[in-house]
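*Asks:* Supplied in structure tokens, the structure appears directly below.
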Amino acid sequence: MEGVIDAVARDLLTRRGGFDWAVTEFVRVVDARLPPRVFLKHCPELASSRVATPSGTAVHLQLLGSDAQALAANARQALALGAVSLDLNFGCPAKLVNRHDGGASLLRDPRRVQAAVAAVHAAVGDAIPVTAKIRLGFADRRLALECALAAEDGGARQLVVHGRTRDEGYRPPAHWEWIGRIRQRLRIPVVANGDIWTLEDYWKARTLSGCRDVMLGRGALADPWLAPRIRHWQATGEQLPPTDWSRRGELLAEYAALQRNTLPDRVVTSLVKQWLNQMRTRDPEAARRFQALKRLTDLDALMAGLQAATLLPSAGAARTASSRAGAGTPGADGKGIDKNGKCIDKKEALVTS
């Protein structure tokens with residue numbers, strides 16, 4: 001989930017419990033070994049002895065690329081820096097990534113999936129596990145099983161499957177039953193992913209796929225208490241009440257305060273609105289706040305609007321010329337602005353069982 005699940009978001013989400021491990025935003029590998037600073041930027045948890053969030057949830061480093069030898073070189077670099085697990089991204093549907101032969105583009109040829117996984121596995125040996133994430137194919141599902149088997153054959157110890165093809169993007173539904181077909185043929189664990197927004201979705205995804213574990217991505221951003229809700233239900237059989245707006249607003253305020261320590265206010269403003277944009281898909285009050293506040297460019301004004309007990313219709317009236325042009329405002333299409341001011345697609349990555 002490029003531009004969304006950074007170290008601060010991982011910290012805040014895992015503090016609430018329920019997660020077994022988290023995955024970083026992908027490190028883009030092209031044709032050379034990257035310097036340590038790139039890995040530390042994407043995974044500052046490498047600087048800790050546990051390579052975990054402050055609450056103790058393990059963090060797995062994700063690589064994205066198509067050059068098997070370059071992936072191997074960067075896998076060795078990551079191992080030297082202390083990575084505890086390497087995940088290979090064959091699921092990113094972003095057009096820019098796919099045009100540059102990354103992410104889901106490799107699903108058109110299972111041999112390339114196998115070669116990439118095998119090269120990384122050979123580079124790190126048995127020192128750390130290598131895992132992978134795929135979709136059900138690129139344009140269609142004809143090669144879904146072949147790609148999954150290719151990842152297993154290359155040495156992947158676990159496979160996450162997003163229940164849609166690249167061309168299906170994030171349009172519902174996710175085909176959890178297709179994940180089940182893959183799970184039945186593989187010897188390694190398979191994790192179900194896609195369209196898990198609620199406790200009921202979690203149960204349906206597990207039932208239709210037969211998978212023991214699921215991966216939460218957008219669902220964890222839409223409701224940061226989804227993983228704890230699932231864990232509580234597993235332990236007690238009790239369904240917790242829905243997450244109210246006050247807790248969501250408090251979380252966004254904490255996120256902004258932490259990001260403000262190291263990032264400019266304009267970047268933090270975009271990041272907060274980006275997260276709010278994810279929340280609005282499943283919460284009426286978050287949707288109302290997003291519509292009222294989405295054009296604000298002043299971080300203090302944005303936070304005041306988020307934390308206000310009630311929000312007047314005019315709360316979003318104060319804006320600048322740049323905000324009227326939509327600068328830094330993530331839209332309903334799932335795009336936003338990253339920390340370097342670039343337009344990004346935001347999708348996929350945290351795990352609960």
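Ligands are numbered from 1 in the order shown, chains are lettered A, B, ... in the order of the structure tokens, and residues start at 1 in each chain.
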Which of segment 77-162 of chain A counts as strand (DSSP E or B) under DSSP, as a ChimeraX atom specification please?
*Replies:* /A:86-90,130-134,159-162
*Asks:* Store the residues picked out above, limited to C-alpha atoms, as a CSV table (one decimal), in the first residue's frame.
*Replies:*
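Output file part.csv is given in full below:
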chain,number,residue,atom,x,y,z
A,86,LEU,CA,11.3,-10.8,2.6
A,87,ASP,CA,8.0,-10.5,0.7
A,88,LEU,CA,7.9,-10.3,-3.1
A,89,ASN,CA,5.1,-8.1,-4.6
A,90,PHE,CA,3.5,-9.6,-7.7
A,130,VAL,CA,10.8,-15.6,1.5
A,131,THR,CA,7.1,-15.0,0.9
A,132,ALA,CA,5.1,-13.7,-2.1
A,133,LYS,CA,1.8,-11.9,-2.9
A,134,ILE,CA,-0.1,-12.4,-6.2
A,159,LEU,CA,1.6,-17.0,-0.4
A,160,VAL,CA,-0.9,-14.1,-0.1
A,161,VAL,CA,-3.6,-14.1,-2.8
A,162,HIS,CA,-5.6,-11.1,-3.6
*Asks:* Report as a ChimeraX atom specification: the residues of segment 144-208 of chain A with a DSSP assignment of alpha helix (DSSP H), based on the backbone of this structure.
*Replies:* /A:144-154,176-185,199-208
*Asks:* May I ask which of the residues A:Ala123, A:Val51, A:Ala73, A:Ala9 is the closest one to Val29 of chain A, counting only C-alpha atoms?
*Replies:*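 Closest candidate: A:Ala73.
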*Asks:* So that I can see what lies close to segment 95-111 of chain A, please list as number ranges by chain the residues with an atom at most 12 Å from it, counting only C-alpha atoms and leaving out residues fewer than 5 positions away in the same chain.
*Replies:* A: 2, 26-31, 62-68, 71, 88-90, 116-118, 132-154, 161-162, 164-169, 342-345
*Asks:* Give me, please, the distance in Å between atom CA of Pro284 of chain A and atom CA of Ala22 of chain A, quoted to one decimal.
*Replies:*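 Atom CA of Ala22 of chain A lies at a distance of 27.9 Å from atom CA of Pro284 of chain A.
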*Asks:* Can you pull out the residues contacting Ala309 of chain A? Cut-off 12 Å, using only C-alpha atoms, and skip same-chain residues under 3 positions away; I want them as an MDAnalysis selection string.
*Replies:* chainID A and resid 245:247 249:250 285 289 303:306 312
*Asks:* Can you pull out every residue within 9 Å of segment 14-19 of chain A, counting only C-alpha atoms, but drop anything in the same chain fewer than 3 positions away, and send it as a list in words?
*Replies:* Ala9, Arg10, Asp11, Ala22, Thr53, Pro54, Ser55, Gly56, Thr57, Pro224, Trp225, Leu226, Ala227, Pro228, Arg229, Ile230, Arg231, His232, Leu350, Val351, Thr352 and Ser353 of chain A
*Asks:* What is the atom CA of Glu200 of chain A to atom CA of Gln278 of chain A distance in Å?
*Replies:* 19.1 Å
*Asks:* With distances taken over only C-alpha atoms, which of A:Leu252, A:Leu208, A:Ala7, A:Cys92 is nearest to His60 of chain A?
*Replies:* A:Ala7
*Asks:* One decimal, in Å: what's the spacing between atom CA of Val59 of chain A and atom CA of Ile188 of chain A?
*Replies:*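 Spanning atom CA of Val59 of chain A to atom CA of Ile188 of chain A is a straight-line distance of 20.3 Å.
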